[in-house]
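Inspection log for the structure reproduced underneath, given as structure tokens.
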Amino acid sequence: MTTSLQAPTGAAVQDLSTALELSPVESHLHPEGSFDLADHSVPTGLEEIWRFTPLKRLRGLHQDTPLDGDDLSIQVDAPDGISAVSVPAADSARGASGYVPVDRVSARAWEAARSVFEVTIPANLETDEPTTIRLHGSGADQAAAGHLLVRAGQFSKTVVVVDYDGSATWAENIEVVLEDGAQLTFVTIQDWNDDSVHVVTQHARVGRDAQLRHIAVSLGGDVVRASTSADYRGTGGSVEMLGVYFADAGQHIEHRLFVDHTAPRTKSNVEYKGALQGKDAHTVWIGNVLIRKEAEGILTYESNDNLVLTDGAKADSVPNLEIETGDIEGAGHASTTGRFDDEHLFYLQSRGIEEEEARRLVVHGFFNDIIRRIGVPSLQERLIASIEEELAEHVGRLA
């Protein structure tokens, strides 16, 4: 990989990870992790965590294809005070989130990554402008691996955006660490070309009274599989995961969410919305919240809504909730999958709006509920424009 940034000359930043003493949990939904690749057998598709993924289209990322490609470049636009540098893997602070690979692709990416791209937000720093990391792929023939580590210091408040485009076959691990009292909005935008395959595992560790808003936008790529998890280092932490996705003909977009309530009096809210159209368009959403017996007094909710625009498209949605204590403030989940609401279309058409425009308005309104809650005006405008491009290209032909 090439990058316009230089590795730091000083010592690596101190590892922020801490050991959490938790009761063991037996569940097929979140297998035990390991850094040893030998502990991760090649998936067959029968495993719970792989049963929805089209393994034959992963180009060997789950097997043994070399991860030595270098057709990716990184550009960074960061406000003053924020450090964004590429560090040799041996000198980096990776592992600061406490993450341990839980599947073979993640373990292979960890082993193959030669460097770690580290973004560090100092304590007490507040910025109005986001830090934007643009990763551009210029070819999908050679697979590659990468690692990103984002650390938000105590009582900092900022936004980090990771923007993917171009063509790539890319296996990646992302770690996000929030120290006590930090507020971080972390955004990923999957705007790949149609020939791209991206398998990414993200894990966040949230400190005492810290607030993480994680936003995923998936629009492009042949196969995109994003596994996102979060846990807590202290009481009062809050995690909000918002997602928007739009799948076209033949496209597979898969999101797997796991919130592990490892501390009492913590909160989480997961809300994803997706639309899909065209033959063999396939979206997968797997949500899971684990409330450990140590996590008393927590509040959590997860939901997923899917809008199927044409015949031949398929949406799989599986919410899960595992509770090991009866002392909780509230917990729930919901999932819906449906077609256009004919009453909405009739209402708009009865007021003189053409059917094509009415369909676009319905889909736009479906997504707008989440987009308006992002809280970053420039990013909201960008996403609205991207959704409008999708709608202009496809929805008008759905009559």
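Simple scheme: letters A, B, ... for chains in structure tokens order, numbers from 1 for residues in each chain, numbers from 1 for ligands in the order shown.
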Would you pick out the contacts of Arg134 in chain A at 7 Å or less, using only C-alpha atoms, so that residues sharing its chain but fewer than 6 positions from it are not included, and give the list as a PyMOL selection string? chain A and resi 74-76+162-164
Kindly export the residues of the current selection with N, CA, C and O atoms, as a short mmCIF file (atom, residue, chain, number, x, y, z; two decimals), in the first residue's frame.
```cif
data_model
loop_
_atom_site.label_atom_id
_atom_site.label_comp_id
_atom_site.auth_asym_id
_atom_site.auth_seq_id
_atom_site.Cartn_x
_atom_site.Cartn_y
_atom_site.Cartn_z
N ILE A 74 -3.83 5.79 0.28
CA ILE A 74 -4.54 6.48 1.36
C ILE A 74 -4.24 7.97 1.29
O ILE A 74 -3.08 8.38 1.13
N GLN A 75 -5.27 8.76 1.42
CA GLN A 75 -5.14 10.21 1.57
C GLN A 75 -5.90 10.63 2.83
O GLN A 75 -6.98 10.13 3.09
N VAL A 76 -5.31 11.55 3.56
CA VAL A 76 -5.91 11.97 4.84
C VAL A 76 -6.04 13.48 4.89
O VAL A 76 -5.12 14.21 4.51
N VAL A 162 -14.13 7.25 7.19
CA VAL A 162 -13.33 6.39 6.32
C VAL A 162 -14.14 6.17 5.04
O VAL A 162 -15.24 5.62 5.08
N ASP A 163 -13.57 6.63 3.91
CA ASP A 163 -14.29 6.68 2.64
C ASP A 163 -13.60 5.74 1.64
O ASP A 163 -12.44 5.97 1.27
N TYR A 164 -14.29 4.68 1.23
CA TYR A 164 -13.72 3.69 0.31
C TYR A 164 -14.26 3.89 -1.10
O TYR A 164 -15.48 4.05 -1.29
#
```
Could you pull out the strand (DSSP E) residues of range 153-351 of chain A from DSSP and send them as an MDAnalysis selection string? chainID A and resid 157:178 183:192 197:206 211:218 223:232 238:247 252:261 267:276 282:291 299:308 314:323 330:338
Excluding Ser97 in chain A and its own-chain neighbours fewer than 3 positions away, which residues fall within 12 Å of it when counting only C-alpha atoms? Please give them as a PyMOL selection string. chain A and resi 15-20+93-94+100-101+148-152+173-179+202-207+229-233
Expected file contents, prior selection, N, CA, C and O atoms, as a CSV table (one decimal), in the first residue's frame:
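To be explicit, this is the file written out as again37.csv:
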```csv
chain,number,residue,atom,x,y,z
A,15,ASP,N,-0.3,1.5,24.9
A,15,ASP,CA,-1.4,0.7,24.7
A,15,ASP,C,-2.5,1.0,25.7
A,15,ASP,O,-2.3,1.1,26.9
A,16,LEU,N,-3.8,1.2,25.2
A,16,LEU,CA,-4.9,1.6,26.0
A,16,LEU,C,-5.7,0.4,26.5
A,16,LEU,O,-6.7,0.6,27.2
A,17,SER,N,-5.4,-0.8,26.0
A,17,SER,CA,-6.3,-1.9,26.4
A,17,SER,C,-6.1,-2.3,27.8
A,17,SER,O,-5.1,-2.1,28.5
A,18,THR,N,-7.2,-2.8,28.4
A,18,THR,CA,-7.2,-3.3,29.7
A,18,THR,C,-7.9,-4.7,29.7
A,18,THR,O,-8.7,-5.0,28.9
A,19,ALA,N,-7.5,-5.5,30.7
A,19,ALA,CA,-8.0,-6.8,30.8
A,19,ALA,C,-9.4,-6.8,31.5
A,19,ALA,O,-9.5,-6.2,32.6
A,20,LEU,N,-10.4,-7.3,30.9
A,20,LEU,CA,-11.7,-7.3,31.5
A,20,LEU,C,-12.0,-8.7,32.1
A,20,LEU,O,-11.9,-9.7,31.4
A,93,ALA,N,0.4,0.2,18.1
A,93,ALA,CA,-0.4,-0.1,19.3
A,93,ALA,C,-1.6,-0.9,19.0
A,93,ALA,O,-2.6,-0.9,19.7
A,94,ARG,N,-1.5,-1.7,17.9
A,94,ARG,CA,-2.7,-2.5,17.6
A,94,ARG,C,-3.0,-3.5,18.7
A,94,ARG,O,-2.1,-4.0,19.4
A,100,VAL,N,-9.6,-9.6,19.5
A,100,VAL,CA,-8.9,-10.8,19.1
A,100,VAL,C,-9.7,-11.4,17.9
A,100,VAL,O,-10.9,-11.5,18.0
A,101,PRO,N,-9.1,-11.7,16.8
A,101,PRO,CA,-9.8,-12.2,15.6
A,101,PRO,C,-10.7,-13.4,15.9
A,101,PRO,O,-10.3,-14.4,16.6
A,148,LEU,N,-6.5,-0.5,10.7
A,148,LEU,CA,-6.7,0.9,11.1
A,148,LEU,C,-7.0,0.9,12.6
A,148,LEU,O,-7.8,0.1,13.1
A,149,LEU,N,-6.3,1.8,13.3
A,149,LEU,CA,-6.5,2.0,14.7
A,149,LEU,C,-6.9,3.5,15.0
A,149,LEU,O,-6.1,4.4,14.7
A,150,VAL,N,-8.0,3.7,15.5
A,150,VAL,CA,-8.5,5.1,15.9
A,150,VAL,C,-8.6,5.2,17.4
A,150,VAL,O,-9.3,4.4,18.0
A,151,ARG,N,-7.9,6.2,18.0
A,151,ARG,CA,-8.0,6.4,19.5
A,151,ARG,C,-8.4,7.8,19.8
A,151,ARG,O,-7.8,8.7,19.3
A,152,ALA,N,-9.4,7.9,20.6
A,152,ALA,CA,-10.0,9.2,21.0
A,152,ALA,C,-9.6,9.4,22.5
A,152,ALA,O,-10.1,8.6,23.4
A,173,ASN,N,-8.9,-5.1,9.3
A,173,ASN,CA,-9.4,-5.0,10.7
A,173,ASN,C,-9.3,-3.5,11.1
A,173,ASN,O,-8.4,-2.8,10.7
A,174,ILE,N,-10.3,-3.1,11.8
A,174,ILE,CA,-10.4,-1.7,12.3
A,174,ILE,C,-10.7,-1.7,13.8
A,174,ILE,O,-11.6,-2.4,14.3
A,175,GLU,N,-9.8,-1.0,14.6
A,175,GLU,CA,-10.0,-0.9,16.0
A,175,GLU,C,-10.3,0.6,16.4
A,175,GLU,O,-9.7,1.5,15.8
A,176,VAL,N,-11.3,0.8,17.2
A,176,VAL,CA,-11.7,2.1,17.7
A,176,VAL,C,-11.7,2.1,19.2
A,176,VAL,O,-12.3,1.2,19.9
A,177,VAL,N,-10.9,3.0,19.8
A,177,VAL,CA,-10.8,3.1,21.3
A,177,VAL,C,-11.2,4.4,21.8
A,177,VAL,O,-10.7,5.5,21.3
A,178,LEU,N,-12.2,4.5,22.7
A,178,LEU,CA,-12.6,5.7,23.3
A,178,LEU,C,-12.2,5.7,24.8
A,178,LEU,O,-12.7,4.8,25.5
A,179,GLU,N,-11.4,6.7,25.2
A,179,GLU,CA,-11.1,6.8,26.6
A,179,GLU,C,-12.3,7.4,27.3
A,179,GLU,O,-13.2,7.9,26.7
A,202,GLN,N,-14.6,-4.7,12.5
A,202,GLN,CA,-14.4,-3.5,13.3
A,202,GLN,C,-14.8,-3.8,14.8
A,202,GLN,O,-15.8,-4.5,15.0
A,203,HIS,N,-13.9,-3.4,15.7
A,203,HIS,CA,-14.2,-3.5,17.1
A,203,HIS,C,-14.0,-2.2,17.8
A,203,HIS,O,-12.9,-1.6,17.6
A,204,ALA,N,-14.9,-1.8,18.7
A,204,ALA,CA,-14.8,-0.6,19.5
A,204,ALA,C,-14.8,-0.9,20.9
A,204,ALA,O,-15.6,-1.8,21.4
A,205,ARG,N,-13.9,-0.3,21.7
A,205,ARG,CA,-14.0,-0.3,23.2
A,205,ARG,C,-14.3,1.0,23.7
A,205,ARG,O,-13.6,2.0,23.4
A,206,VAL,N,-15.3,1.1,24.5
A,206,VAL,CA,-15.9,2.4,24.9
A,206,VAL,C,-15.6,2.6,26.4
A,206,VAL,O,-16.1,1.7,27.3
A,207,GLY,N,-15.0,3.7,26.8
A,207,GLY,CA,-14.6,3.9,28.2
A,207,GLY,C,-15.8,4.4,29.0
A,207,GLY,O,-16.9,4.7,28.5
A,229,SER,N,-18.4,-4.8,16.2
A,229,SER,CA,-18.7,-5.1,17.5
A,229,SER,C,-18.2,-4.0,18.5
A,229,SER,O,-17.4,-3.2,18.1
A,230,ALA,N,-18.8,-4.0,19.7
A,230,ALA,CA,-18.4,-3.0,20.7
A,230,ALA,C,-18.5,-3.6,22.1
A,230,ALA,O,-19.4,-4.5,22.3
A,231,ASP,N,-17.6,-3.2,23.0
A,231,ASP,CA,-17.8,-3.5,24.4
A,231,ASP,C,-17.4,-2.3,25.2
A,231,ASP,O,-17.1,-1.2,24.7
A,232,TYR,N,-17.5,-2.4,26.5
A,232,TYR,CA,-17.4,-1.3,27.4
A,232,TYR,C,-16.3,-1.5,28.5
A,232,TYR,O,-16.2,-2.6,29.0
A,233,ARG,N,-15.6,-0.4,28.8
A,233,ARG,CA,-14.5,-0.5,29.8
A,233,ARG,C,-15.0,0.1,31.1
A,233,ARG,O,-14.2,0.1,32.1
```
If you count only C-alpha atoms, which residues fall within 7 Å of Val318 in chain A, apart from same-chain ones fewer than 5 positions away, as a ChimeraX atom specification? /A:285-287
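The space separating CA of Gly45 in chain A from CA of Thr228 in chain A comes to 19.7 Å.
When only C-alpha atoms are used to compute distances to Leu379 in chain A, the closest of the residues A:Gly146, A:Gly297, A:Gly326, A:Pro130 turns out to be A:Pro130.
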Which residues are close to Met241 in chain A, i.e. within 6 Å by only C-alpha atoms, leaving aside same-chain residues fewer than 2 positions away? Reply as a ChimeraX atom specification. /A:213-215,270
Closest to Glu390 in chain A among A:Asp316, A:Asp248, A:Asp209, A:Asp369, using only C-alpha atoms?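 Ranked by minimum distance to Glu390 in chain A, first place goes to A:Asp248.
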One number please: CA of Thr65 in chain A to CA of Ala38 in chain A, in Å, one decimal. 15.4 Å
Range 308-311 of chain A: which residues within 7 Å, counting only C-alpha atoms, same-chain residues fewer than 5 positions away excluded, as a count of residues only? 8
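The residue that comes closest to Ser92 in chain A, out of A:Glu47, A:Glu118, A:Glu129, A:Asp165 and on the basis of only C-alpha atoms, is A:Glu118.
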Tell me, in Å to one decimal, how far CA of Ala113 in chain A is from CA of Ala144 in chain A. 8.3 Å
Find the residues near Arg57 in chain A: any atom within 12 Å, counting only C-alpha atoms, skip ones fewer than 3 places away on the same chain, and give them as a VMD selection string. chain A and resid 53 to 54 60 to 63 169 195 to 199 221 to 225 250 to 252
I need the residues from that last selection saved to file as an mmCIF file, in the first residue's frame (with N, CA and C atoms), if you can.
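And here is the file that came out, out_3.cif:
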```
data_model
loop_
_atom_site.group_PDB
_atom_site.id
_atom_site.type_symbol
_atom_site.label_atom_id
_atom_site.label_comp_id
_atom_site.auth_asym_id
_atom_site.auth_seq_id
_atom_site.Cartn_x
_atom_site.Cartn_y
_atom_site.Cartn_z
ATOM 1 N N THR A 53 -23.005 -15.839 3.764
ATOM 2 C CA THR A 53 -21.972 -15.223 2.936
ATOM 3 C C THR A 53 -21.653 -16.080 1.712
ATOM 4 N N PRO A 54 -21.618 -15.502 0.505
ATOM 5 C CA PRO A 54 -21.264 -16.260 -0.704
ATOM 6 C C PRO A 54 -19.758 -16.499 -0.764
ATOM 7 N N GLY A 60 -11.006 -16.101 -2.353
ATOM 8 C CA GLY A 60 -10.019 -16.784 -1.532
ATOM 9 C C GLY A 60 -9.599 -16.053 -0.276
ATOM 10 N N LEU A 61 -10.256 -14.944 0.061
ATOM 11 C CA LEU A 61 -9.903 -14.242 1.298
ATOM 12 C C LEU A 61 -10.077 -15.148 2.511
ATOM 13 N N HIS A 62 -11.035 -16.067 2.450
ATOM 14 C CA HIS A 62 -11.301 -16.973 3.565
ATOM 15 C C HIS A 62 -10.450 -18.230 3.499
ATOM 16 N N GLN A 63 -9.665 -18.351 2.449
ATOM 17 C CA GLN A 63 -8.827 -19.538 2.298
ATOM 18 C C GLN A 63 -7.360 -19.144 2.446
ATOM 19 N N THR A 169 -9.720 -5.953 -3.688
ATOM 20 C CA THR A 169 -10.050 -7.154 -2.936
ATOM 21 C C THR A 169 -9.342 -6.979 -1.600
ATOM 22 N N ASP A 195 -16.799 -4.218 -8.963
ATOM 23 C CA ASP A 195 -15.962 -5.423 -8.966
ATOM 24 C C ASP A 195 -15.236 -5.642 -7.646
ATOM 25 N N SER A 196 -15.527 -4.882 -6.621
ATOM 26 C CA SER A 196 -14.763 -4.937 -5.371
ATOM 27 C C SER A 196 -15.337 -5.955 -4.390
ATOM 28 N N VAL A 197 -14.419 -6.550 -3.610
ATOM 29 C CA VAL A 197 -14.779 -7.414 -2.492
ATOM 30 C C VAL A 197 -14.104 -6.859 -1.242
ATOM 31 N N HIS A 198 -14.882 -6.624 -0.210
ATOM 32 C CA HIS A 198 -14.357 -6.030 1.022
ATOM 33 C C HIS A 198 -14.913 -6.802 2.216
ATOM 34 N N VAL A 199 -14.013 -7.415 2.985
ATOM 35 C CA VAL A 199 -14.388 -8.088 4.231
ATOM 36 C C VAL A 199 -13.683 -7.349 5.358
ATOM 37 N N GLY A 221 -19.790 -2.101 -4.441
ATOM 38 C CA GLY A 221 -19.043 -3.330 -4.239
ATOM 39 C C GLY A 221 -19.814 -4.540 -4.735
ATOM 40 N N ASP A 222 -19.097 -5.581 -5.130
ATOM 41 C CA ASP A 222 -19.729 -6.847 -5.497
ATOM 42 C C ASP A 222 -20.153 -7.593 -4.244
ATOM 43 N N VAL A 223 -19.205 -7.757 -3.303
ATOM 44 C CA VAL A 223 -19.493 -8.361 -1.999
ATOM 45 C C VAL A 223 -18.893 -7.466 -0.921
ATOM 46 N N VAL A 224 -19.714 -7.044 0.015
ATOM 47 C CA VAL A 224 -19.254 -6.290 1.184
ATOM 48 C C VAL A 224 -19.773 -7.011 2.418
ATOM 49 N N ARG A 225 -18.855 -7.414 3.280
ATOM 50 C CA ARG A 225 -19.228 -8.056 4.550
ATOM 51 C C ARG A 225 -18.537 -7.289 5.665
ATOM 52 N N GLY A 250 -27.414 -8.443 -8.255
ATOM 53 C CA GLY A 250 -26.220 -9.248 -8.084
ATOM 54 C C GLY A 250 -25.339 -8.874 -6.913
ATOM 55 N N GLN A 251 -25.639 -7.812 -6.240
ATOM 56 C CA GLN A 251 -24.783 -7.302 -5.166
ATOM 57 C C GLN A 251 -25.125 -7.982 -3.842
ATOM 58 N N HIS A 252 -24.090 -8.287 -3.052
ATOM 59 C CA HIS A 252 -24.274 -8.862 -1.728
ATOM 60 C C HIS A 252 -23.708 -7.899 -0.694
#
```
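Ranking A:Ile49, A:Leu37, A:Leu321, A:Ala249 by their shortest atom-to-atom distance to Thr283 in chain A, with only C-alpha atoms included, puts A:Ala249 first.
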Using only C-alpha atoms, find the one residue out of A:Glu111, A:Glu388, A:Asp191, A:Asp77 that sits nearest to Val159 in chain A.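 Checking each of A:Glu111, A:Glu388, A:Asp191, A:Asp77 against Val159 in chain A, counting only C-alpha atoms, the winner is A:Asp77.
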Looking at only C-alpha atoms, which of A:Ala89, A:Ala171, A:Val102, A:Ala140 is the one that sits closest to Asp36 in chain A?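 So, comparing all the options, the nearest one is A:Val102.
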